[in-house]
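S.K.: One structure, as structure tokens, below. Some questions next.
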Amino acid sequence: MMRRGVHKLTAQCRQCTAQHRLYQTKATSVFGYYPSKYAKTSETLESSTEDPKLTRYIDAHRKYGYKYANLNPVAASTASSDDLPPELKPELYNIDSQISELSSNLTKLYCGTTAIECENIEDLTEKQWLYNKYEEIKQSELTTEEKTELATEMLKSQTFDNFLATRFQSVKRYGGEGGEAMVGFFVELFRKAQQDGVKDIVCGMAHRGRLNLMTGLMKFPPVCMFRKMRGLPEFPADQQGAGDVLSHLVSSFDVGSTHVTMLPNPSHLEAVNPVAVGKARSKHMTMKKGDYGDGKMGDDILCLQVHGDAALAGQGINQETLQLAYVPHYSVGGSIHLVINNQLGFTTPGERGRSSRHCTDLAKQIGAPVIHVNGDHPEEVVKATRIAMEYRQHFRKDIFVNMICFRRWGHNELDDPTFTNPALYSVIHARRSVPDEYSDLLVDCNVMSKEDKNAAVANHQKLLNDHFNMIDTYVPERSNLKGLWSGMSEPGRNITEWDTGLDVQLLKYIGARSVTYPEEFNVHGHLKKHHIEGRIKKMESGAGIDWGTAEALALGSLLYQGFNVRISGQDVGRATFSHRHAMLVDQATNEIYIPLNDLAPGQPQGNLEIANSILSEEAVLGFEYGVSVESPNNLAIWEAQFGDFFNGAQIMLDTFVCSGESKWGLQSSLTMLLPHGMDGAGPEHSSCRMERFLQMTDSKETEVDGDNVNWEVVNPSNAAQYYHLLRRQMVRNYRKPIVIVAPKVLLRLPGAASTLQDMAPGTRFMPVLADPNVTTPSSVEKVIFTSGKHYYTLSKHIQENGIKNVAVLRIESLCPFPAEKIQEELKKFTKAKKFVWSQEEHRNQGAWSYMEPRFRRLLGMDLEYVGRQELCQPAVGVGKVHQQEAAAILAKTFA
């Protein structure tokens, strides 16, 4: 008997409850998420009419076969086929010996050189579909033409490696030797993509076999690689940048009707994968496909992620990236994953590189199936790829192809692998290559002749020789600022100013629309009173424009001009400090409404995508970088929950964001908001570590900066400055990453509020802000330089203590360093004798170490430092000590 008050949920009740808990969305208000397009498959679950014992026997092979399959091409020993594992013995299922043919077929299908692992799929109809498709394709045959093409492309890959080994013996090339069957994967992927109508493939791939693929199937001019091997630049003389190493080069080409982009890949393992997913997502936005318009995600665009086995298992970014696969605003309609499984990570064998059976076990967290395949069997690799493409096309979900192979040499061609893996390499060095084995097999079967084989090698050898002879005469072509980016320019050596102001009436209209919601919408009572009604009053008065309102005006105006804006991060819809509320949630239905997407009803406009992210920094920031480099029309904003959260994404900042333009010519609009402020919160969440970002700039100490710095670091101290920064990101004729030291207490500080006149025509971001309280500059004897929030502490102290003859100048732009603007302000203070840099951060942190040499060398000024003394952590953890330090800073600043 059920106890009173306890309600047992039925399946229908649970579904109803879930619907009330989850956000609801409508296409009219939520840009970038259309759940109605993703209905479950219409497949029906087939009922088995076979003997239940046979059904259990077949299911056992499907479920456990991958554990006993012949997948390792360089196994030290091979288990006897007579020694069946317990799960696959017929007697376990009470089956007699009359099923030898069935047993043989099941062994070939599920325990041979290909195996499938998909029991982690929750949907039974999906799993049944996959088993049927696997069996169908596994038992099919490649055509003569397909076999010949496969052999030819593998021979070309081998010829390329042999050519480099002869001509460039001291160069690390991370060749494809031992993994040449990967060529079969790409041949089939490109063929099937055209067949399925895929217009774009975005590929993230590491070093292994990368150069072979680029100069083979991807038609990258070998001479460009040969020049790099000779130490020559890949950029033309008129292109800015320092370039990158050989194994990081980027390629873009057309294969039939499909455009393929091989993204540049820095040496941090797997870091390119979320970038590839982000770029694929952004392509959907640009083309108005899937969640952004017509059809389903993945109809026209395919994301391909190529992994190494040790890196897949060991790098946490893969877990983060996989968790984005089906999250609203991050999904791409399924990625295809290829694992080039060398069975070694640097020198570490698999059993010491992970705790799971297969490196692909990470796929289980999202229910992604895995096709395991022996790399000694290139036709099986083609079939595995075909299965993967069919599955992804049908279900729009991730799937892995785990190609288990080996590498002929060590980690690179200059490495001796026998130091640490003698047993494995005794097997490897005793065997022939995969291309030779396969092509000879085709010759024996009369599929191709010896002359065909020799011609394939000779033709590619000639191509490589021809390109080698062009090294000294070849002139590199500019590869950036084309296509969508053709309207952009390279930033110059001067700091330019951009008028980012707008008509006040337009701003009032945008401000009102930013809090307009449907009449039937049940808005939160607190938001209605303070956020919505408060903003309307600010628009009417034209004053008191706080940070959140200024942001809405900036973003709304960009949308009005046709730009798309994407804000990504944890809880960005409302923001960590509840100052944004760009996403309203109906208190009765959980319906989401984004007012700025109804900015101008009936008129074309850009769209705002609010992407509340998973609890990840590295993958999400990499994703947004990928979004930003795809199109100059899309403003990508990533907001850290607190400023120091960026440190979980440091690899992305080091290898992509701060140097992507210099290394690869890629411009980016990525805008990073990092809340910062020493407000007694303790060591964590106080500092965004601006000193690190400043150290990573290429700002000069002995020369004047220009727009061509690698990224901008700014510390705006009022709402209007923030407004102008956001607008400037898009109205300029170039794109540049920017680190905005964002506020916490300034979000609602009356002194940091602005007026609409501060955003009117003729206004712009000011790199240096004068002291508004100084009426007689000639009487100033001390000039205090500071940045950001600390200004208000200093200003309050001046007002409360009646201090005279002091001016406080705010340096709002840290990089590029505004030397000329500082000089203009200093000219006003003809009697000033003392110059101080005052900051709330510790001496080894904040902007001091960056500012001091620039003031001294560019401006000829010796600044006195005032601030906290050196500390190994961003802030103390004792409240009283924090207050004592703050008081000491004020006393010394005005001493």
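Following the order of the structure tokens, chains are lettered A, B, ..., residues in each are numbered from 1, and ligands are numbered from 1.
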How close does region 160-261 of chain A get to region 307-320 of chain A? List, as a tab-separated table, each residue of region 160-261 of chain A within 12 Å, its nearest atom pair and the distance in Å to one decimal, counting only C-alpha atoms.

M.R.:
residue	atom	partner	partner_atom	distance
A:Gly179	CA	A:Gly308	CA	11.5
A:Met182	CA	A:His307	CA	11.8
A:Cys203	CA	A:His307	CA	10.9
A:Gly204	CA	A:His307	CA	8.6
A:Met205	CA	A:His307	CA	6.8
A:Ala206	CA	A:His307	CA	6.9
A:His207	CA	A:Gly308	CA	9.1
A:Arg208	CA	A:Gly308	CA	8.1
A:Gly209	CA	A:Gly308	CA	11.0
A:Arg210	CA	A:His307	CA	11.6

S.K.: Mind checking which residues fall within 10 Å of Glu551 (chain A), counting only C-alpha atoms, ignoring those fewer than 5 positions away in the same chain, and posting them as a ChimeraX atom specification?

M.R.: /A:511,545-546,556-557,579-580,582,719-720,722-727

S.K.: Those selected residues, please, written with C-alpha atoms and delivered as a tab-separated table (two decimals), in the first residue's frame.

M.R.:
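File selection-v9.tsv, as written:
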chain	number	residue	atom	x	y	z
A	511	GLY	CA	17.27	50.42	-24.72
A	545	ILE	CA	23.46	54.20	-17.72
A	546	ASP	CA	24.98	51.27	-15.84
A	556	GLY	CA	21.60	45.98	-29.76
A	557	SER	CA	23.14	48.59	-32.04
A	579	HIS	CA	23.55	42.47	-14.29
A	580	ARG	CA	22.75	41.33	-17.84
A	582	ALA	CA	19.57	39.34	-21.79
A	719	ALA	CA	29.87	52.09	-18.77
A	720	ALA	CA	30.36	54.29	-21.84
A	722	TYR	CA	32.67	49.49	-22.29
A	723	TYR	CA	29.96	50.42	-24.81
A	724	HIS	CA	32.52	51.93	-27.18
A	725	LEU	CA	34.86	48.95	-26.86
A	726	LEU	CA	32.17	46.46	-27.87
A	727	ARG	CA	31.10	48.54	-30.84

S.K.: What's the 12 Å shell around Lys228 (chain A), counting only C-alpha atoms, without same-chain residues fewer than 5 positions away, as a PyMOL selection string?

M.R.: chain A and resi 168+171-173+221-223+233-235+243-249+468+471-472+474+476

S.K.: Please dump the current selection as a tab-separated table (two decimals), in the first residue's frame; keep C-alpha atoms.

M.R.:
chain	number	residue	atom	x	y	z
A	168	PHE	CA	65.46	16.29	-45.86
A	171	VAL	CA	63.69	17.21	-40.62
A	172	LYS	CA	60.97	15.99	-38.28
A	173	ARG	CA	58.01	15.28	-40.51
A	221	PRO	CA	51.69	22.58	-52.99
A	222	PRO	CA	54.65	20.46	-51.82
A	223	VAL	CA	56.98	23.35	-52.66
A	233	PRO	CA	58.94	31.81	-44.84
A	234	GLU	CA	55.47	30.62	-45.80
A	235	PHE	CA	54.09	34.19	-45.90
A	243	GLY	CA	54.81	32.09	-39.20
A	244	ASP	CA	54.78	28.63	-37.66
A	245	VAL	CA	56.59	25.32	-37.87
A	246	LEU	CA	56.12	22.81	-40.66
A	247	SER	CA	53.77	20.40	-38.89
A	248	HIS	CA	51.28	23.18	-37.99
A	249	LEU	CA	50.54	24.44	-41.49
A	468	PHE	CA	61.59	20.58	-55.12
A	471	ILE	CA	62.06	26.10	-54.03
A	472	ASP	CA	64.22	29.08	-54.97
A	474	TYR	CA	58.41	30.05	-55.80
A	476	PRO	CA	54.27	32.38	-51.53

S.K.: Measuring atom to atom with only C-alpha atoms, identify which of A:Met678, A:Met285, A:Met672, A:Val808 is nearest to Asn607 (chain A).

M.R.: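 With only C-alpha atoms as the atom set, the closest residue is A:Met285.
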
S.K.: Write out as a PyMOL selection string each polymer residue whose atoms come within 9 Å of region 421-425 of chain A, counting only C-alpha atoms; drop sequence neighbours fewer than 2 positions from it.

M.R.: chain A and resi 74-76+347-349+408-409+417-419+427-430

S.K.: If we count only C-alpha atoms and set the cut-off at 10 Å, which residues sit around Val327 (chain A), ignoring sequence neighbours fewer than 2 positions away in its own chain? Please answer as a list in words.

M.R.: Tyr33, Leu322, Gln323, Leu324, Ala325, His329, Tyr330, Ser331, Val332, Ala611, Asn612, Ser613 and Ile614 of chain A

S.K.: For those residues, write all heavy atoms to a file as a tab-separated table (two decimals), in the first residue's frame.

M.R.:
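Output (result-v6.tsv):
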chain	number	residue	atom	x	y	z
A	33	TYR	N	18.82	27.69	-31.41
A	33	TYR	CA	18.38	26.42	-30.82
A	33	TYR	C	16.95	26.15	-31.22
A	33	TYR	O	16.04	26.87	-30.84
A	33	TYR	CB	18.50	26.46	-29.30
A	33	TYR	CG	18.09	25.15	-28.64
A	33	TYR	CD1	18.60	23.94	-29.09
A	33	TYR	CD2	17.21	25.13	-27.57
A	33	TYR	CE1	18.24	22.74	-28.49
A	33	TYR	CE2	16.85	23.94	-26.96
A	33	TYR	CZ	17.36	22.75	-27.42
A	33	TYR	OH	17.00	21.56	-26.83
A	322	LEU	N	33.70	16.63	-25.94
A	322	LEU	CA	32.63	15.67	-26.16
A	322	LEU	C	31.36	16.09	-25.44
A	322	LEU	O	30.24	15.89	-25.94
A	322	LEU	CB	33.06	14.28	-25.69
A	322	LEU	CG	33.97	13.49	-26.63
A	322	LEU	CD1	34.40	12.20	-25.99
A	322	LEU	CD2	33.27	13.22	-27.96
A	323	GLN	N	31.50	16.68	-24.24
A	323	GLN	CA	30.31	17.09	-23.50
A	323	GLN	C	29.56	18.23	-24.19
A	323	GLN	O	28.41	18.51	-23.86
A	323	GLN	CB	30.70	17.50	-22.08
A	323	GLN	CG	30.95	16.32	-21.16
A	323	GLN	CD	29.74	15.45	-20.95
A	323	GLN	OE1	28.61	15.85	-21.21
A	323	GLN	NE2	29.96	14.22	-20.50
A	324	LEU	N	30.19	18.88	-25.15
A	324	LEU	CA	29.51	19.93	-25.91
A	324	LEU	C	28.65	19.35	-27.04
A	324	LEU	O	27.84	20.07	-27.62
A	324	LEU	CB	30.54	20.89	-26.53
A	324	LEU	CG	31.35	21.76	-25.57
A	324	LEU	CD1	32.43	22.52	-26.35
A	324	LEU	CD2	30.46	22.74	-24.82
A	325	ALA	N	28.82	18.07	-27.33
A	325	ALA	CA	28.29	17.49	-28.57
A	325	ALA	C	26.80	17.72	-28.76
A	325	ALA	O	26.35	18.01	-29.87
A	325	ALA	CB	28.60	15.99	-28.63
A	329	HIS	N	23.21	25.19	-28.53
A	329	HIS	CA	24.09	26.29	-28.92
A	329	HIS	C	25.54	25.84	-29.14
A	329	HIS	O	26.39	26.68	-29.46
A	329	HIS	CB	24.05	27.44	-27.92
A	329	HIS	CG	22.67	27.97	-27.68
A	329	HIS	ND1	21.99	28.73	-28.60
A	329	HIS	CD2	21.82	27.82	-26.62
A	329	HIS	CE1	20.80	29.04	-28.13
A	329	HIS	NE2	20.67	28.48	-26.93
A	330	TYR	N	25.82	24.56	-28.98
A	330	TYR	CA	27.17	24.05	-29.21
A	330	TYR	C	27.20	22.85	-30.15
A	330	TYR	O	28.26	22.52	-30.69
A	330	TYR	CB	27.84	23.68	-27.88
A	330	TYR	CG	28.05	24.86	-26.98
A	330	TYR	CD1	27.09	25.22	-26.04
A	330	TYR	CD2	29.19	25.65	-27.07
A	330	TYR	CE1	27.25	26.33	-25.22
A	330	TYR	CE2	29.37	26.76	-26.26
A	330	TYR	CZ	28.39	27.09	-25.33
A	330	TYR	OH	28.56	28.20	-24.53
A	331	SER	N	26.08	22.20	-30.37
A	331	SER	CA	26.07	21.00	-31.20
A	331	SER	C	26.29	21.36	-32.66
A	331	SER	O	25.99	22.47	-33.11
A	331	SER	CB	24.72	20.28	-31.05
A	331	SER	OG	23.67	21.10	-31.54
A	332	VAL	N	26.84	20.40	-33.41
A	332	VAL	CA	27.10	20.61	-34.84
A	332	VAL	C	26.48	19.52	-35.70
A	332	VAL	O	26.85	19.36	-36.85
A	332	VAL	CB	28.62	20.72	-35.13
A	332	VAL	CG1	29.19	21.97	-34.51
A	332	VAL	CG2	29.36	19.48	-34.65
A	611	ALA	N	24.52	31.64	-25.20
A	611	ALA	CA	24.98	30.26	-25.11
A	611	ALA	C	25.47	29.97	-23.70
A	611	ALA	O	26.65	30.13	-23.39
A	611	ALA	CB	26.08	30.00	-26.14
A	612	ASN	N	24.54	29.57	-22.83
A	612	ASN	CA	24.94	29.14	-21.50
A	612	ASN	C	25.72	27.84	-21.63
A	612	ASN	O	25.19	26.84	-22.11
A	612	ASN	CB	23.71	28.94	-20.61
A	612	ASN	CG	23.08	30.26	-20.20
A	612	ASN	OD1	23.77	31.24	-19.98
A	612	ASN	ND2	21.76	30.28	-20.10
A	613	SER	N	26.97	27.84	-21.17
A	613	SER	CA	27.87	26.73	-21.48
A	613	SER	C	27.93	25.70	-20.36
A	613	SER	O	27.46	25.91	-19.25
A	613	SER	CB	29.28	27.27	-21.72
A	613	SER	OG	29.91	27.62	-20.50
A	614	ILE	N	28.54	24.58	-20.70
A	614	ILE	CA	28.89	23.59	-19.69
A	614	ILE	C	29.98	24.20	-18.79
A	614	ILE	O	30.56	25.23	-19.11
A	614	ILE	CB	29.39	22.28	-20.32
A	614	ILE	CG1	30.71	22.49	-21.06
A	614	ILE	CG2	28.34	21.70	-21.25
A	614	ILE	CD1	31.37	21.21	-21.53

S.K.: Can you tell me, as a count of residues only, what residues are no more than 8 Å from region 120-123 of chain A when counting only C-alpha atoms, ignoring any on the same chain fewer than 6 positions away?

M.R.: 4

S.K.: If you count only C-alpha atoms, which residues fall within 6 Å of region 861-870 of chain A, apart from same-chain ones fewer than 4 positions away, as a PDB file with N, CA and C atoms, in the first residue's frame?

M.R.:
ATOM      1  N   PHE A 835      55.247  62.008  -9.777  1.00  0.00           N
ATOM      2  CA  PHE A 835      54.423  61.122 -10.595  1.00  0.00           C
ATOM      3  C   PHE A 835      54.383  59.732  -9.945  1.00  0.00           C
ATOM      4  N   VAL A 836      53.166  59.240  -9.736  1.00  0.00           N
ATOM      5  CA  VAL A 836      52.960  58.004  -8.984  1.00  0.00           C
ATOM      6  C   VAL A 836      52.112  57.031  -9.804  1.00  0.00           C
ATOM      7  N   TRP A 837      52.478  55.758  -9.735  1.00  0.00           N
ATOM      8  CA  TRP A 837      51.587  54.703 -10.227  1.00  0.00           C
ATOM      9  C   TRP A 837      50.967  54.038  -9.011  1.00  0.00           C
ATOM     10  N   SER A 838      49.643  54.096  -8.896  1.00  0.00           N
ATOM     11  CA  SER A 838      48.946  53.518  -7.750  1.00  0.00           C
ATOM     12  C   SER A 838      48.028  52.405  -8.233  1.00  0.00           C
ATOM     13  N   GLN A 839      48.154  51.242  -7.622  1.00  0.00           N
ATOM     14  CA  GLN A 839      47.307  50.106  -7.982  1.00  0.00           C
ATOM     15  C   GLN A 839      46.930  49.344  -6.720  1.00  0.00           C
ATOM     16  N   GLU A 840      45.824  48.612  -6.812  1.00  0.00           N
ATOM     17  CA  GLU A 840      45.387  47.827  -5.660  1.00  0.00           C
ATOM     18  C   GLU A 840      45.998  46.436  -5.650  1.00  0.00           C
ATOM     19  N   GLU A 841      46.533  45.996  -6.784  1.00  0.00           N
ATOM     20  CA  GLU A 841      47.127  44.674  -6.860  1.00  0.00           C
ATOM     21  C   GLU A 841      48.522  44.671  -6.212  1.00  0.00           C
ATOM     22  N   HIS A 842      49.062  43.484  -6.037  1.00  0.00           N
ATOM     23  CA  HIS A 842      50.408  43.334  -5.496  1.00  0.00           C
ATOM     24  C   HIS A 842      51.444  43.726  -6.552  1.00  0.00           C
ATOM     25  N   ARG A 843      52.632  44.068  -6.087  1.00  0.00           N
ATOM     26  CA  ARG A 843      53.644  44.651  -6.963  1.00  0.00           C
ATOM     27  C   ARG A 843      54.020  43.725  -8.120  1.00  0.00           C
ATOM     28  N   ASN A 844      54.075  42.422  -7.865  1.00  0.00           N
ATOM     29  CA  ASN A 844      54.417  41.471  -8.920  1.00  0.00           C
ATOM     30  C   ASN A 844      53.206  41.093  -9.770  1.00  0.00           C
ATOM     31  N   PHE A 855      56.694  53.898 -19.325  1.00  0.00           N
ATOM     32  CA  PHE A 855      56.749  55.281 -18.865  1.00  0.00           C
ATOM     33  C   PHE A 855      58.196  55.789 -18.886  1.00  0.00           C
ATOM     34  N   ARG A 856      59.108  54.936 -18.471  1.00  0.00           N
ATOM     35  CA  ARG A 856      60.509  55.365 -18.377  1.00  0.00           C
ATOM     36  C   ARG A 856      61.139  55.522 -19.750  1.00  0.00           C
ATOM     37  N   ILE A 889      47.776  51.743   1.114  1.00  0.00           N
ATOM     38  CA  ILE A 889      47.904  52.210  -0.273  1.00  0.00           C
ATOM     39  C   ILE A 889      47.446  53.660  -0.378  1.00  0.00           C
TER      40      ILE A 889
END

S.K.: Report the distance between CA of Gly184 (chain A) and CA of Val381 (chain A) in Å, rounded to one decimal place.

M.R.: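 Answer for the CA of Gly184 (chain A) to CA of Val381 (chain A) separation: 6.2 Å.
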
S.K.: For Lys296 (chain A), which residue among A:Ala543, A:Val260, A:Ile366, A:Gly334 is the nearest when counting only C-alpha atoms?

M.R.: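 Closest residue, counting only C-alpha atoms: A:Gly334.
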
S.K.: Please give the complete set of residues from region 42-277 of chain A that DSSP, run on the backbone, assigns to strand (DSSP E), formatted as a list in words.

M.R.: Thr114, Ala115, Ile116, Glu117, Asp200, Ile201, Val202, Cys203, Gly204, Ser251, Ser252, Phe253, Asp254, Val255, Thr258, His259, Val260, Thr261 and Met262 of chain A

S.K.: Hey, can you spit out that residue selection with C-alpha atoms as a short mmCIF file (atom, residue, chain, number, x, y, z; two decimals), in the first residue's frame?

M.R.:
data_model
loop_
_atom_site.label_atom_id
_atom_site.label_comp_id
_atom_site.auth_asym_id
_atom_site.auth_seq_id
_atom_site.Cartn_x
_atom_site.Cartn_y
_atom_site.Cartn_z
CA THR A 114 36.92 -4.93 -37.64
CA ALA A 115 34.76 -4.75 -34.52
CA ILE A 116 31.96 -2.57 -33.24
CA GLU A 117 31.40 -1.28 -29.73
CA ASP A 200 32.01 22.11 -45.98
CA ILE A 201 34.28 19.88 -43.91
CA VAL A 202 36.13 21.45 -41.00
CA CYS A 203 39.02 19.29 -39.84
CA GLY A 204 41.13 19.47 -36.70
CA SER A 251 45.30 23.89 -45.86
CA SER A 252 42.05 24.67 -47.63
CA PHE A 253 40.88 23.05 -50.86
CA ASP A 254 37.90 21.80 -52.85
CA VAL A 255 37.18 18.15 -53.52
CA THR A 258 32.89 19.96 -50.98
CA HIS A 259 35.24 22.54 -49.47
CA VAL A 260 37.69 21.15 -46.91
CA THR A 261 39.48 23.26 -44.31
CA MET A 262 42.39 21.79 -42.38
#

S.K.: What is the distance between CA of Glu617 (chain A) and CA of Leu362 (chain A), in Å to one decimal?

M.R.: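 We find that CA of Glu617 (chain A) and CA of Leu362 (chain A) lie 19.0 Å from each other.
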
S.K.: Going by DSSP on the backbone, which residues of region 81-309 of chain A come out as alpha helix (DSSP H)? List them as a PyMOL selection string.

M.R.: chain A and resi 100-110+124-138+144-167+182-195+210-215+222-229+272-287+309

S.K.: Could you check how far CA of Val878 (chain A) sits from CA of Pro743 (chain A), in Å to one decimal?

M.R.: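 Rounded to one decimal, the two atoms are 22.2 Å apart.
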
S.K.: Between A:Lys831, A:Lys663, A:Arg566, A:Arg513, which has the minimum distance to Glu609 (chain A) (counting only C-alpha atoms)?

M.R.: A:Arg566
